file target_11.csv (CSV, C-alpha atoms and all ligand atoms)
chain,number,residue,atom,x,y,z
A,271,MET,CA,0.0,0.0,0.0
A,272,ASN,CA,1.1,3.5,-0.8
A,273,GLY,CA,2.3,5.1,2.5
A,274,THR,CA,0.2,8.3,1.9
A,275,THR,CA,-3.1,6.5,1.3
A,276,SER,CA,-5.2,5.9,4.3
A,277,LEU,CA,-7.7,3.0,4.4
A,278,ASN,CA,-11.4,3.6,4.6
A,279,LEU,CA,-11.8,1.0,7.4
A,280,SER,CA,-15.5,0.7,7.0
A,281,LYS,CA,-15.2,0.1,3.2
A,282,ALA,CA,-12.4,-2.5,3.9
A,283,GLY,CA,-14.6,-4.2,6.5
A,284,GLU,CA,-17.6,-4.4,4.1
A,285,PHE,CA,-15.4,-5.9,1.4
A,286,GLU,CA,-13.9,-8.4,3.7
A,287,ALA,CA,-17.4,-9.5,4.7
A,288,ARG,CA,-18.3,-9.8,1.1
A,289,VAL,CA,-15.3,-12.0,0.3
A,290,VAL,CA,-16.2,-14.3,3.2
A,291,SER,CA,-19.8,-14.4,1.9
A,292,MET,CA,-18.4,-15.2,-1.6
A,293,LEU,CA,-16.5,-18.2,-0.3
A,294,ASN,CA,-19.6,-19.6,1.4
A,295,GLU,CA,-21.8,-19.0,-1.6
A,296,ALA,CA,-19.3,-20.5,-3.9
A,297,ALA,CA,-19.0,-23.6,-1.7
A,298,LEU,CA,-22.8,-23.9,-1.7
A,299,CYS,CA,-22.8,-23.7,-5.5
A,300,LEU,CA,-20.7,-26.9,-5.6
A,301,MET,CA,-23.0,-28.6,-3.1
A,302,THR,CA,-26.0,-27.5,-5.2
A,303,SER,CA,-24.5,-29.0,-8.3
A,304,LEU,CA,-23.9,-32.3,-6.3
A,305,GLY,CA,-27.4,-32.1,-5.0
A,306,HIS,CA,-28.8,-31.8,-8.5
A,307,ARG,CA,-26.6,-34.5,-10.1
A,308,SER,CA,-27.0,-37.0,-7.3
A,309,GLY,CA,-30.7,-36.6,-7.2
A,310,LEU,CA,-30.7,-35.6,-3.6
A,311,PHE,CA,-32.9,-32.5,-4.1
A,312,ASP,CA,-35.5,-34.6,-6.0
A,313,THR,CA,-35.3,-37.3,-3.3
A,314,MET,CA,-35.7,-34.9,-0.4
A,315,ALA,CA,-38.7,-33.2,-2.1
A,316,ASP,CA,-40.7,-36.4,-1.8
A,317,LEU,CA,-39.6,-37.2,1.8
A,318,PRO,CA,-41.0,-36.1,5.1
A,319,PRO,CA,-38.4,-34.8,7.6
A,320,SER,CA,-35.8,-37.6,7.5
A,321,THR,CA,-32.5,-38.6,8.9
A,322,SER,CA,-29.3,-38.8,6.8
A,323,LYS,CA,-29.7,-42.6,6.8
A,324,GLU,CA,-33.2,-42.4,5.5
A,325,ILE,CA,-32.3,-39.8,2.8
A,326,ALA,CA,-29.3,-41.8,1.7
A,327,GLU,CA,-31.3,-45.0,1.4
A,328,ALA,CA,-34.1,-43.3,-0.5
A,329,ALA,CA,-31.5,-41.7,-2.9
A,330,GLY,CA,-29.4,-44.9,-3.2
A,331,LEU,CA,-26.3,-43.1,-2.0
A,332,GLN,CA,-23.6,-43.4,0.7
A,333,GLU,CA,-24.8,-42.2,4.0
A,334,ARG,CA,-21.5,-40.7,5.1
A,335,TYR,CA,-21.4,-38.4,2.1
A,336,VAL,CA,-25.0,-37.6,2.3
A,337,ARG,CA,-24.6,-36.6,5.9
A,338,GLU,CA,-21.7,-34.2,5.1
A,339,TRP,CA,-23.7,-32.7,2.2
A,340,LEU,CA,-26.7,-32.2,4.5
A,341,ALA,CA,-24.5,-30.5,7.1
A,342,ALA,CA,-23.2,-28.0,4.4
A,343,MET,CA,-26.8,-27.5,3.2
A,344,ALA,CA,-28.2,-27.0,6.7
A,345,VAL,CA,-25.6,-24.4,7.8
A,346,GLY,CA,-26.0,-22.8,4.4
A,347,GLY,CA,-29.8,-22.5,4.8
A,348,PHE,CA,-30.7,-24.7,1.9
A,349,VAL,CA,-32.2,-27.5,4.0
A,350,GLU,CA,-33.8,-27.3,7.5
A,351,GLN,CA,-32.5,-29.4,10.3
A,352,ASP,CA,-34.3,-30.6,13.5
A,353,PRO,CA,-31.3,-31.1,15.8
A,354,VAL,CA,-33.4,-33.0,18.4
A,355,LYS,CA,-34.9,-35.5,16.0
A,356,GLY,CA,-31.8,-35.5,13.8
A,357,THR,CA,-33.9,-34.9,10.6
A,358,TYR,CA,-33.6,-32.8,7.6
A,359,THR,CA,-36.2,-31.2,5.3
A,360,LEU,CA,-36.1,-29.4,2.0
A,361,PRO,CA,-38.7,-26.7,2.4
A,362,PRO,CA,-41.3,-26.3,-0.4
A,363,GLU,CA,-40.1,-22.8,-1.3
A,364,HIS,CA,-36.6,-24.3,-2.1
A,365,THR,CA,-38.0,-27.4,-3.7
A,366,ALA,CA,-39.7,-25.1,-6.2
A,367,ILE,CA,-36.4,-23.9,-7.7
A,368,LEU,CA,-34.1,-26.9,-7.0
A,369,THR,CA,-35.8,-29.9,-8.4
A,370,ARG,CA,-36.4,-31.5,-11.8
A,371,ALA,CA,-40.1,-31.4,-11.1
A,372,SER,CA,-39.9,-27.6,-11.1
A,373,GLY,CA,-39.0,-27.7,-14.8
A,374,SER,CA,-37.8,-24.4,-16.3
A,375,GLU,CA,-37.6,-22.9,-12.7
A,376,ASN,CA,-34.9,-25.4,-11.8
A,377,ALA,CA,-32.0,-23.1,-11.0
A,378,ALA,CA,-29.8,-26.0,-9.7
A,379,VAL,CA,-29.1,-26.9,-13.3
A,380,TYR,CA,-27.0,-23.7,-13.7
A,381,SER,CA,-24.9,-24.4,-10.6
A,382,GLN,CA,-23.2,-27.1,-12.6
A,383,TYR,CA,-21.3,-24.5,-14.6
A,384,ILE,CA,-19.2,-23.5,-11.7
A,385,PRO,CA,-17.6,-27.0,-11.1
A,386,GLN,CA,-17.3,-27.4,-14.9
A,387,LEU,CA,-15.4,-24.1,-15.2
A,388,GLY,CA,-13.3,-25.0,-12.2
A,389,SER,CA,-12.3,-28.2,-14.0
A,390,VAL,CA,-10.4,-26.2,-16.6
A,391,GLU,CA,-8.7,-23.7,-14.3
A,392,GLU,CA,-5.2,-25.1,-15.1
A,393,ASP,CA,-5.9,-24.8,-18.9
A,394,VAL,CA,-7.2,-21.3,-18.5
A,395,LEU,CA,-4.4,-20.2,-16.3
A,396,ALA,CA,-1.9,-21.5,-18.9
A,397,CYS,CA,-3.7,-19.3,-21.5
A,398,PHE,CA,-3.3,-16.3,-19.3
A,399,ARG,CA,0.4,-16.9,-19.4
A,400,ASN,CA,0.9,-18.2,-22.9
A,401,GLY,CA,-2.2,-17.2,-24.9
A,402,GLY,CA,-4.2,-19.6,-27.0
A,403,GLY,CA,-7.4,-21.3,-26.0
A,404,VAL,CA,-9.0,-24.3,-24.5
A,405,PRO,CA,-10.8,-26.7,-26.9
A,406,TYR,CA,-14.3,-28.0,-26.2
A,407,GLU,CA,-13.0,-31.6,-25.5
A,408,ARG,CA,-11.5,-30.3,-22.2
A,409,PHE,CA,-14.9,-29.4,-20.9
A,410,VAL,CA,-16.2,-32.6,-19.4
A,411,ARG,CA,-20.0,-33.1,-19.9
A,412,PHE,CA,-20.2,-29.8,-21.9
A,413,HIS,CA,-22.8,-30.9,-24.4
A,414,GLU,CA,-24.8,-32.7,-21.7
A,415,LEU,CA,-25.0,-29.6,-19.5
A,416,MET,CA,-25.6,-27.3,-22.5
A,417,ALA,CA,-28.6,-29.5,-23.6
A,418,GLU,CA,-29.9,-29.4,-20.0
A,419,ASP,CA,-29.6,-25.6,-20.0
A,420,SER,CA,-31.3,-25.1,-23.3
A,421,GLY,CA,-33.9,-27.6,-22.2
A,422,LEU,CA,-34.9,-24.9,-19.7
A,423,SER,CA,-34.4,-21.7,-21.7
A,424,VAL,CA,-35.5,-22.9,-25.2
A,425,LEU,CA,-37.6,-26.0,-25.4
A,426,PRO,CA,-40.5,-25.1,-23.0
A,427,ALA,CA,-40.9,-21.7,-24.7
A,428,LEU,CA,-40.2,-22.7,-28.3
A,429,ARG,CA,-43.7,-23.1,-29.6
A,430,GLU,CA,-45.5,-20.6,-27.5
A,431,TRP,CA,-43.1,-17.7,-27.3
A,432,ILE,CA,-40.0,-18.1,-29.5
A,433,LEU,CA,-41.3,-19.3,-32.9
A,434,PRO,CA,-44.1,-16.7,-32.9
A,435,LEU,CA,-41.5,-13.9,-32.8
A,436,VAL,CA,-41.5,-14.5,-36.6
A,437,PRO,CA,-45.1,-13.7,-37.6
A,438,GLY,CA,-46.6,-16.4,-39.8
A,439,LEU,CA,-43.8,-18.9,-39.2
A,440,ILE,CA,-45.9,-21.5,-37.4
A,441,GLY,CA,-48.2,-21.7,-40.4
A,442,GLN,CA,-45.2,-22.0,-42.8
A,443,LEU,CA,-43.7,-24.8,-40.6
A,444,GLU,CA,-47.1,-26.6,-40.7
A,445,THR,CA,-47.2,-26.3,-44.5
A,446,GLY,CA,-43.6,-27.4,-45.0
A,447,ILE,CA,-40.4,-25.4,-45.2
A,448,ASP,CA,-36.6,-25.9,-44.8
A,449,VAL,CA,-35.0,-25.1,-41.5
A,450,LEU,CA,-31.4,-24.9,-40.3
A,451,ASP,CA,-30.2,-24.8,-36.7
A,452,ALA,CA,-26.5,-23.8,-36.8
A,453,GLY,CA,-24.3,-25.0,-33.8
A,454,CYS,CA,-27.3,-27.2,-32.8
A,455,GLY,CA,-25.4,-29.1,-30.0
A,456,ARG,CA,-27.4,-32.2,-29.1
A,457,GLY,CA,-30.2,-31.1,-31.5
A,458,LYS,CA,-33.0,-31.0,-28.9
A,459,ALA,CA,-34.7,-28.0,-30.5
A,460,LEU,CA,-34.6,-29.5,-34.0
A,461,ASN,CA,-35.9,-32.9,-32.9
A,462,LEU,CA,-38.8,-31.2,-31.1
A,463,MET,CA,-39.6,-29.1,-34.2
A,464,ALA,CA,-39.3,-32.2,-36.4
A,465,GLU,CA,-41.9,-33.9,-34.3
A,466,TRP,CA,-44.3,-30.9,-34.3
A,467,PHE,CA,-44.0,-30.1,-38.0
A,468,PRO,CA,-43.8,-33.3,-40.0
A,469,ASN,CA,-44.2,-31.5,-43.3
A,470,SER,CA,-41.0,-29.4,-42.8
A,471,ARG,CA,-37.4,-30.5,-43.2
A,472,PHE,CA,-34.8,-29.8,-40.5
A,473,THR,CA,-31.0,-29.7,-40.7
A,474,GLY,CA,-28.6,-29.3,-37.9
A,475,TYR,CA,-24.9,-28.4,-38.3
A,476,GLU,CA,-22.6,-28.9,-35.3
A,477,LEU,CA,-18.9,-29.1,-34.7
A,478,SER,CA,-19.0,-31.8,-32.1
A,479,GLU,CA,-19.3,-35.4,-33.5
A,480,GLU,CA,-20.4,-36.5,-30.1
A,481,ALA,CA,-23.2,-34.1,-29.9
A,482,VAL,CA,-24.3,-35.0,-33.5
A,483,ALA,CA,-24.3,-38.7,-32.6
A,484,PHE,CA,-26.5,-37.9,-29.7
A,485,ALA,CA,-28.9,-35.8,-31.8
A,486,ARG,CA,-29.1,-38.5,-34.5
A,487,ALA,CA,-29.8,-41.3,-31.9
A,488,GLU,CA,-32.6,-39.2,-30.5
A,489,ALA,CA,-34.1,-38.6,-34.0
A,490,GLU,CA,-33.9,-42.3,-34.8
A,491,ALA,CA,-35.4,-43.3,-31.5
A,492,ALA,CA,-38.3,-40.9,-32.1
A,493,GLY,CA,-38.7,-42.2,-35.7
A,494,HIS,CA,-38.1,-38.7,-37.3
A,495,SER,CA,-37.4,-39.0,-41.0
A,496,ASN,CA,-37.5,-35.2,-41.6
A,497,VAL,CA,-34.4,-34.2,-39.7
A,498,THR,CA,-30.7,-34.6,-40.5
A,499,PHE,CA,-27.6,-33.8,-38.4
A,500,GLU,CA,-24.2,-33.2,-39.9
A,501,ALA,CA,-20.9,-32.8,-38.0
A,502,ARG,CA,-19.5,-29.7,-39.7
A,503,ASP,CA,-17.1,-26.9,-38.8
A,504,LEU,CA,-18.9,-23.6,-39.7
A,505,THR,CA,-15.7,-21.5,-39.6
A,506,PHE,CA,-15.8,-21.1,-43.4
A,507,PHE,CA,-19.5,-21.1,-43.7
A,508,ALA,CA,-19.4,-17.6,-45.4
A,509,GLU,CA,-18.0,-19.3,-48.4
A,510,GLU,CA,-19.3,-22.8,-48.0
A,511,ALA,CA,-23.0,-22.2,-47.1
A,512,PRO,CA,-25.4,-23.5,-49.7
A,513,ARG,CA,-27.1,-20.6,-51.5
A,514,GLU,CA,-30.7,-19.8,-50.7
A,515,ARG,CA,-31.3,-23.2,-49.2
A,516,PHE,CA,-33.3,-22.5,-46.1
A,517,ASP,CA,-36.5,-20.6,-45.3
A,518,PHE,CA,-35.7,-20.2,-41.6
A,519,VAL,CA,-32.4,-20.4,-39.7
A,520,THR,CA,-31.8,-20.5,-36.0
A,521,THR,CA,-28.9,-20.2,-33.7
A,522,PHE,CA,-29.4,-20.8,-30.0
A,523,ASP,CA,-26.5,-19.4,-28.1
A,524,ALA,CA,-24.2,-20.4,-30.9
A,525,VAL,CA,-22.7,-17.3,-32.5
A,526,HIS,CA,-20.2,-15.8,-30.1
A,527,ASP,CA,-18.1,-18.9,-29.4
A,528,GLN,CA,-17.6,-19.8,-33.0
A,529,GLY,CA,-14.3,-19.8,-34.7
A,530,SER,CA,-15.7,-17.1,-37.0
A,531,PRO,CA,-18.9,-15.5,-35.7
A,532,LEU,CA,-19.1,-13.0,-38.6
A,533,GLY,CA,-18.3,-15.8,-41.1
A,534,LEU,CA,-21.1,-17.9,-39.7
A,535,LEU,CA,-23.5,-14.9,-39.9
A,536,ARG,CA,-22.5,-14.3,-43.6
A,537,GLY,CA,-23.1,-17.9,-44.3
A,538,ILE,CA,-26.5,-17.8,-42.7
A,539,ARG,CA,-27.4,-14.8,-44.8
A,540,ARG,CA,-26.2,-16.6,-47.9
A,541,ALA,CA,-28.1,-19.8,-47.0
A,542,LEU,CA,-31.4,-17.9,-46.5
A,543,LYS,CA,-34.0,-18.0,-49.3
A,544,PRO,CA,-35.5,-14.6,-50.3
A,545,GLY,CA,-38.2,-13.7,-47.7
A,546,GLY,CA,-36.6,-16.0,-45.1
A,547,ALA,CA,-35.8,-15.1,-41.5
A,548,TYR,CA,-33.0,-15.8,-39.1
A,549,LEU,CA,-33.7,-16.0,-35.4
A,550,ALA,CA,-30.8,-15.8,-32.9
A,551,GLN,CA,-30.9,-16.4,-29.2
A,552,ASP,CA,-27.9,-14.8,-27.7
A,553,ILE,CA,-26.7,-13.6,-24.3
A,554,LYS,CA,-28.4,-10.4,-23.0
A,555,GLY,CA,-26.0,-7.7,-22.2
A,556,SER,CA,-24.3,-4.6,-23.4
A,557,SER,CA,-21.0,-4.6,-25.3
A,558,HIS,CA,-19.8,-2.1,-22.7
A,559,VAL,CA,-18.6,-3.3,-19.3
A,560,HIS,CA,-19.8,-0.2,-17.5
A,561,LEU,CA,-23.3,-0.7,-18.8
A,562,ASN,CA,-23.3,-4.2,-17.4
A,563,ARG,CA,-22.6,-3.2,-13.8
A,564,ASP,CA,-26.2,-3.8,-12.7
A,565,HIS,CA,-26.6,-6.9,-14.9
A,566,LEU,CA,-28.3,-9.6,-12.7
A,567,PHE,CA,-25.8,-12.2,-14.0
A,568,GLY,CA,-22.9,-9.9,-14.8
A,569,PRO,CA,-20.1,-11.6,-12.8
A,570,LEU,CA,-21.4,-15.1,-13.8
A,571,LEU,CA,-21.5,-14.3,-17.5
A,572,TYR,CA,-18.1,-12.6,-17.7
A,573,THR,CA,-16.7,-15.6,-15.8
A,574,VAL,CA,-18.3,-18.1,-18.2
A,575,SER,CA,-16.9,-15.9,-20.9
A,576,CYS,CA,-13.3,-15.9,-19.6
A,577,MET,CA,-13.3,-19.6,-18.8
A,578,HIS,CA,-15.4,-21.1,-21.6
A,579,CYS,CA,-16.8,-19.0,-24.5
A,580,MET,CA,-13.8,-16.9,-25.2
A,581,PRO,CA,-11.2,-19.7,-24.9
A,582,VAL,CA,-13.2,-22.2,-27.0
A,583,SER,CA,-13.3,-19.7,-29.8
A,584,LEU,CA,-9.6,-18.8,-29.4
A,585,ALA,CA,-8.8,-22.6,-29.5
A,586,GLN,CA,-10.3,-22.6,-33.0
A,587,GLY,CA,-8.0,-19.8,-34.0
A,588,GLY,CA,-11.1,-17.6,-33.7
A,589,GLU,CA,-11.9,-14.2,-32.6
A,590,GLY,CA,-12.7,-14.9,-28.9
A,591,LEU,CA,-15.6,-12.5,-28.8
A,592,GLY,CA,-16.7,-13.7,-25.4
A,593,THR,CA,-20.2,-14.4,-23.9
A,594,MET,CA,-20.7,-10.7,-23.3
A,595,TRP,CA,-20.1,-9.5,-26.8
A,596,GLY,CA,-23.3,-7.7,-26.2
A,597,ARG,CA,-26.2,-6.3,-28.1
A,598,GLU,CA,-24.4,-3.4,-29.8
A,599,LYS,CA,-21.8,-5.6,-31.3
A,600,ALA,CA,-24.3,-8.3,-32.2
A,601,GLU,CA,-26.4,-5.8,-34.1
A,602,ASP,CA,-23.3,-4.5,-35.9
A,603,TYR,CA,-22.3,-8.1,-36.9
A,604,PHE,CA,-25.8,-8.8,-38.2
A,605,ARG,CA,-25.7,-5.7,-40.3
A,606,LYS,CA,-22.2,-6.5,-41.6
A,607,ALA,CA,-23.4,-10.0,-42.5
A,608,GLY,CA,-26.1,-8.4,-44.7
A,609,PHE,CA,-29.2,-8.2,-42.5
A,610,ARG,CA,-30.9,-4.9,-42.8
A,611,ARG,CA,-34.0,-5.5,-40.6
A,612,ILE,CA,-33.1,-6.5,-37.1
A,613,GLU,CA,-35.6,-6.8,-34.3
A,614,VAL,CA,-34.5,-7.4,-30.7
A,615,HIS,CA,-37.0,-9.1,-28.4
A,616,GLU,CA,-36.9,-10.0,-24.7
A,617,LEU,CA,-38.9,-12.9,-23.4
A,618,ASP,CA,-40.1,-13.1,-19.7
A,619,HIS,CA,-39.1,-16.8,-19.3
A,620,ASP,CA,-35.4,-16.1,-20.2
A,621,PRO,CA,-33.7,-13.2,-18.4
A,622,MET,CA,-30.3,-14.3,-19.8
A,623,ASN,CA,-30.9,-13.9,-23.5
A,624,TYR,CA,-32.1,-11.6,-26.3
A,625,TYR,CA,-34.0,-13.0,-29.2
A,626,TYR,CA,-32.9,-11.3,-32.5
A,627,VAL,CA,-35.1,-11.7,-35.6
A,628,CYS,CA,-33.0,-10.7,-38.7
A,629,ARG,CA,-34.1,-10.3,-42.2
A,630,PRO,CA,-32.2,-9.2,-45.3
B,701,LIG,C1,-23.2,-22.8,-26.3
B,701,LIG,S1,-23.4,-24.1,-27.4
B,701,LIG,C2,-25.1,-24.1,-27.8
B,701,LIG,C3,-25.6,-25.5,-28.3
B,701,LIG,C4,-27.1,-25.5,-28.7
B,701,LIG,N1,-27.4,-24.6,-29.7
B,701,LIG,C5,-27.9,-25.4,-27.5
B,701,LIG,O1,-28.6,-24.3,-27.3
B,701,LIG,O2,-28.0,-26.3,-26.7
B,701,LIG,C6,-22.6,-23.6,-28.8
B,701,LIG,C7,-22.5,-24.7,-29.9
B,701,LIG,O3,-21.7,-24.2,-31.0
B,701,LIG,C8,-20.9,-25.2,-31.5
B,701,LIG,N2,-19.8,-24.6,-32.3
B,701,LIG,C9,-18.8,-23.9,-31.8
B,701,LIG,N3,-17.9,-23.6,-32.8
B,701,LIG,C10,-18.4,-24.2,-33.9
B,701,LIG,C11,-17.9,-24.3,-35.2
B,701,LIG,N4,-16.8,-23.8,-35.6
B,701,LIG,N5,-18.7,-25.0,-36.1
B,701,LIG,C12,-19.8,-25.6,-35.8
B,701,LIG,N6,-20.3,-25.5,-34.5
B,701,LIG,C13,-19.6,-24.9,-33.6
B,701,LIG,C14,-20.5,-25.9,-30.2
B,701,LIG,O4,-20.0,-27.2,-30.5
B,701,LIG,C15,-21.7,-25.9,-29.4
B,701,LIG,O5,-22.5,-27.0,-29.6
call {"tool": "encode", "arguments": {"input": "target_11.csv", "output": "structure tokens"}}
result
Amino acid sequence: MNGTTSLNLSKAGEFEARVVSMLNEAALCLMTSLGHRSGLFDTMADLPPSTSKEIAEAAGLQERYVREWLAAMAVGGFVEQDPVKGTYTLPPEHTAILTRASGSENAAVYSQYIPQLGSVEEDVLACFRNGGGVPYERFVRFHELMAEDSGLSVLPALREWILPLVPGLIGQLETGIDVLDAGCGRGKALNLMAEWFPNSRFTGYELSEEAVAFARAEAEAAGHSNVTFEARDLTFFAEEAPRERFDFVTTFDAVHDQGSPLGLLRGIRRALKPGGAYLAQDIKGSSHVHLNRDHLFGPLLYTVSCMHCMPVSLAQGGEGLGTMWGREKAEDYFRKAGFRRIEVHELDHDPMNYYYVCRP
């Protein structure tokens, strides 16, 4: 510390308290992820006040670990403990946002990002020192988690809120059109649309062979003959995209972490038939840090950016735009790609994303 600067002790005390709170909340995040993945929240939701032994038995888990998890959750205020009876309860108000039964309200799903990001800390630290990026393969369970995430933000709202953002689209899908989802991951949105709209034809392009195999297996199991998935690197899509091939193109959270986001957008523009529309779900935020100070998920999203979205793009030799490239830059890129009419929508169910509808 500079000898002439005096500390504001109350400010220092407040910050220290905040750091302590951060450590506790971060620890609870790890426990929440374990509670979700192990099924403990779901099990507890169906149980009366129960001992660690009863909870472990009901969940099919090891009692010693369940007991320690319960202790963390009890002191963290996630579960309630009766110290006399030695029982634990997940209160209904917490059940409502921590269990699979709560559907799109299940915030426990997102807790999984923190341990996933932690698992690549060494790789990211090496990038701080040496540059470069971290390839997708280093992120264990990435596609599984991403599909679970978009299973909350996209699938339940797709028919009622998202597709109607393009007026007349549902009718066209019912009649039969050609649809592309670029960077489709495990293909959940496409498989759902393929089921709803048997007269339309759906195509998914995706870098990951593993995700494509998963999407194909689900399409096959469901007996869809109107959807195809192709493992394809879209970095050179600007030149490689088929001309005027699709009536409707979507990207769900799949532009900013590409090798070439602008190239992808130019390819989408080229692949659109005249009169077609492109719908992009992408992270809600400003391109300017100071305008994101009050963002509800600001620290989370810049962290996801620093430890995932930016390094996976850089690992492809890409631009490394980052999760928080923001609305201003997104609109600029859509325009550069040749889209002249750009609408920006916000949907109540999804506070993390904008929905852009772009037309030539
Ligand atoms: C954040 S995930 C979104 C996945 C999916 N749209 C969803 O909502 O579940 C971004 C996707 O873009 C894909 N991707 C990244 N770079 C790509 C590239 N160069 N070519 C094709 N796909 C790419 C990733 O593999 C990943 O599946």
call {"tool": "residues_near_ligand", "arguments": {"input": "target_11.csv", "ligand": "ligand LIG 701 (chain B)", "cutoff": "6 Å", "atoms": "all atoms listed in the file", "output": "PyMOL selection string"}}
result
chain A and resi 416-417+420+453-455+476-478+502-505+522-524+527-529
call {"tool": "residues_around", "arguments": {"input": "target_11.csv", "residues": "stretch 369-381 of chain A", "least_positions_apart": "2", "cutoff": "10 Å", "atoms": "all atoms listed in the file", "output": "PyMOL selection string"}}
result
chain A and resi 296+298-307+309-315+364-367+383-386+415-416+418-427+619-620
call {"tool": "closest_residue", "arguments": {"input": "target_11.csv", "among": "A:Leu433, A:Arg471, A:Asp448, A:Ile553", "to": "A:Phe567", "atoms": "only C-alpha atoms"}}
result
A:Ile553
call {"tool": "closest_atom_pairs", "arguments": {"input": "target_11.csv", "of": "stretch 486-527 of chain A", "to": "stretch 625-628 of chain A", "cutoff": "12 Å", "atoms": "all atoms listed in the file", "output": "CSV"}}
result
residue,atom,partner,partner_atom,distance
A:Phe518,CA,A:Cys628,CA,10.3
A:Val519,CA,A:Cys628,CA,9.8
A:Thr520,CA,A:Val627,CA,9.4
A:Thr521,CA,A:Tyr626,CA,9.8
A:Phe522,CA,A:Tyr625,CA,9.1
A:Asp523,CA,A:Tyr625,CA,9.9
A:Val525,CA,A:Tyr626,CA,11.8
call {"tool": "write_last_selection", "arguments": {"input": "target_11.csv", "atoms": "C-alpha atoms", "output": "PDB file, in the coordinates of the input"}}
result
ATOM      1  CA  PHE A 518     -35.700 -20.200 -41.600  1.00  0.00           C
ATOM      2  CA  VAL A 519     -32.400 -20.400 -39.700  1.00  0.00           C
ATOM      3  CA  THR A 520     -31.800 -20.500 -36.000  1.00  0.00           C
ATOM      4  CA  THR A 521     -28.900 -20.200 -33.700  1.00  0.00           C
ATOM      5  CA  PHE A 522     -29.400 -20.800 -30.000  1.00  0.00           C
ATOM      6  CA  ASP A 523     -26.500 -19.400 -28.100  1.00  0.00           C
ATOM      7  CA  VAL A 525     -22.700 -17.300 -32.500  1.00  0.00           C
TER       8      VAL A 525
END
call {"tool": "residues_around", "arguments": {"input": "target_11.csv", "residues": "A:Gly356", "least_positions_apart": "4", "cutoff": "12 Å", "atoms": "only C-alpha atoms", "output": "number ranges by chain"}}
result
A: 319-325, 337, 340-341, 344, 350-352
call {"tool": "closest_residue", "arguments": {"input": "target_11.csv", "among": "A:Ala585, A:Leu331, A:Ile447, A:Leu617", "to": "A:Ala547", "atoms": "only C-alpha atoms"}}
result
A:Ile447
call {"tool": "atom_distance", "arguments": {"input": "target_11.csv", "atom1": "atom CA of A:Gly533", "atom2": "atom CA of A:Ala452"}}
result
12.2 Å
call {"tool": "atom_distance", "arguments": {"input": "target_11.csv", "atom1": "atom CA of A:Glu444", "atom2": "atom CA of A:Asn469"}}
result
6.3 Å
call {"tool": "atom_distance", "arguments": {"input": "target_11.csv", "atom1": "atom CA of A:Tyr406", "atom2": "atom CA of A:Cys576"}}
result
13.8 Å
call {"tool": "residues_around", "arguments": {"input": "target_11.csv", "residues": "A:Ile538", "least_positions_apart": "4", "cutoff": "8 Å", "atoms": "only C-alpha atoms", "output": "ChimeraX atom specification"}}
result
/A:507-508,511,519,534,542,548
call {"tool": "decode", "arguments": {"input": "target_11.csv", "residues": "stretch 301-312 of chain A", "atoms": "N, CA and C atoms", "output": "PDB file, in the first residue's frame"}}
result
ATOM      1  N   MET A 301     -22.077 -27.622  -3.750  1.00  0.00           N
ATOM      2  CA  MET A 301     -22.989 -28.562  -3.094  1.00  0.00           C
ATOM      3  C   MET A 301     -24.323 -28.648  -3.843  1.00  0.00           C
ATOM      4  N   THR A 302     -24.732 -27.510  -4.419  1.00  0.00           N
ATOM      5  CA  THR A 302     -25.990 -27.495  -5.177  1.00  0.00           C
ATOM      6  C   THR A 302     -25.852 -28.349  -6.435  1.00  0.00           C
ATOM      7  N   SER A 303     -24.698 -28.225  -7.084  1.00  0.00           N
ATOM      8  CA  SER A 303     -24.462 -29.043  -8.265  1.00  0.00           C
ATOM      9  C   SER A 303     -24.514 -30.529  -7.895  1.00  0.00           C
ATOM     10  N   LEU A 304     -23.868 -30.883  -6.782  1.00  0.00           N
ATOM     11  CA  LEU A 304     -23.899 -32.285  -6.345  1.00  0.00           C
ATOM     12  C   LEU A 304     -25.321 -32.710  -5.962  1.00  0.00           C
ATOM     13  N   GLY A 305     -26.053 -31.808  -5.346  1.00  0.00           N
ATOM     14  CA  GLY A 305     -27.430 -32.120  -4.963  1.00  0.00           C
ATOM     15  C   GLY A 305     -28.299 -32.394  -6.179  1.00  0.00           C
ATOM     16  N   HIS A 306     -28.037 -31.646  -7.249  1.00  0.00           N
ATOM     17  CA  HIS A 306     -28.782 -31.844  -8.493  1.00  0.00           C
ATOM     18  C   HIS A 306     -28.367 -33.153  -9.160  1.00  0.00           C
ATOM     19  N   ARG A 307     -27.061 -33.329  -9.341  1.00  0.00           N
ATOM     20  CA  ARG A 307     -26.586 -34.492 -10.104  1.00  0.00           C
ATOM     21  C   ARG A 307     -26.843 -35.812  -9.384  1.00  0.00           C
ATOM     22  N   SER A 308     -26.750 -35.788  -8.050  1.00  0.00           N
ATOM     23  CA  SER A 308     -26.963 -37.025  -7.293  1.00  0.00           C
ATOM     24  C   SER A 308     -28.444 -37.338  -7.117  1.00  0.00           C
ATOM     25  N   GLY A 309     -29.305 -36.366  -7.429  1.00  0.00           N
ATOM     26  CA  GLY A 309     -30.747 -36.574  -7.238  1.00  0.00           C
ATOM     27  C   GLY A 309     -31.190 -36.313  -5.803  1.00  0.00           C
ATOM     28  N   LEU A 310     -30.303 -35.757  -4.968  1.00  0.00           N
ATOM     29  CA  LEU A 310     -30.670 -35.560  -3.562  1.00  0.00           C
ATOM     30  C   LEU A 310     -31.820 -34.560  -3.389  1.00  0.00           C
ATOM     31  N   PHE A 311     -31.802 -33.481  -4.191  1.00  0.00           N
ATOM     32  CA  PHE A 311     -32.910 -32.520  -4.055  1.00  0.00           C
ATOM     33  C   PHE A 311     -34.238 -33.195  -4.418  1.00  0.00           C
ATOM     34  N   ASP A 312     -34.224 -33.954  -5.523  1.00  0.00           N
ATOM     35  CA  ASP A 312     -35.458 -34.612  -5.968  1.00  0.00           C
ATOM     36  C   ASP A 312     -35.939 -35.610  -4.915  1.00  0.00           C
TER      37      ASP A 312
END
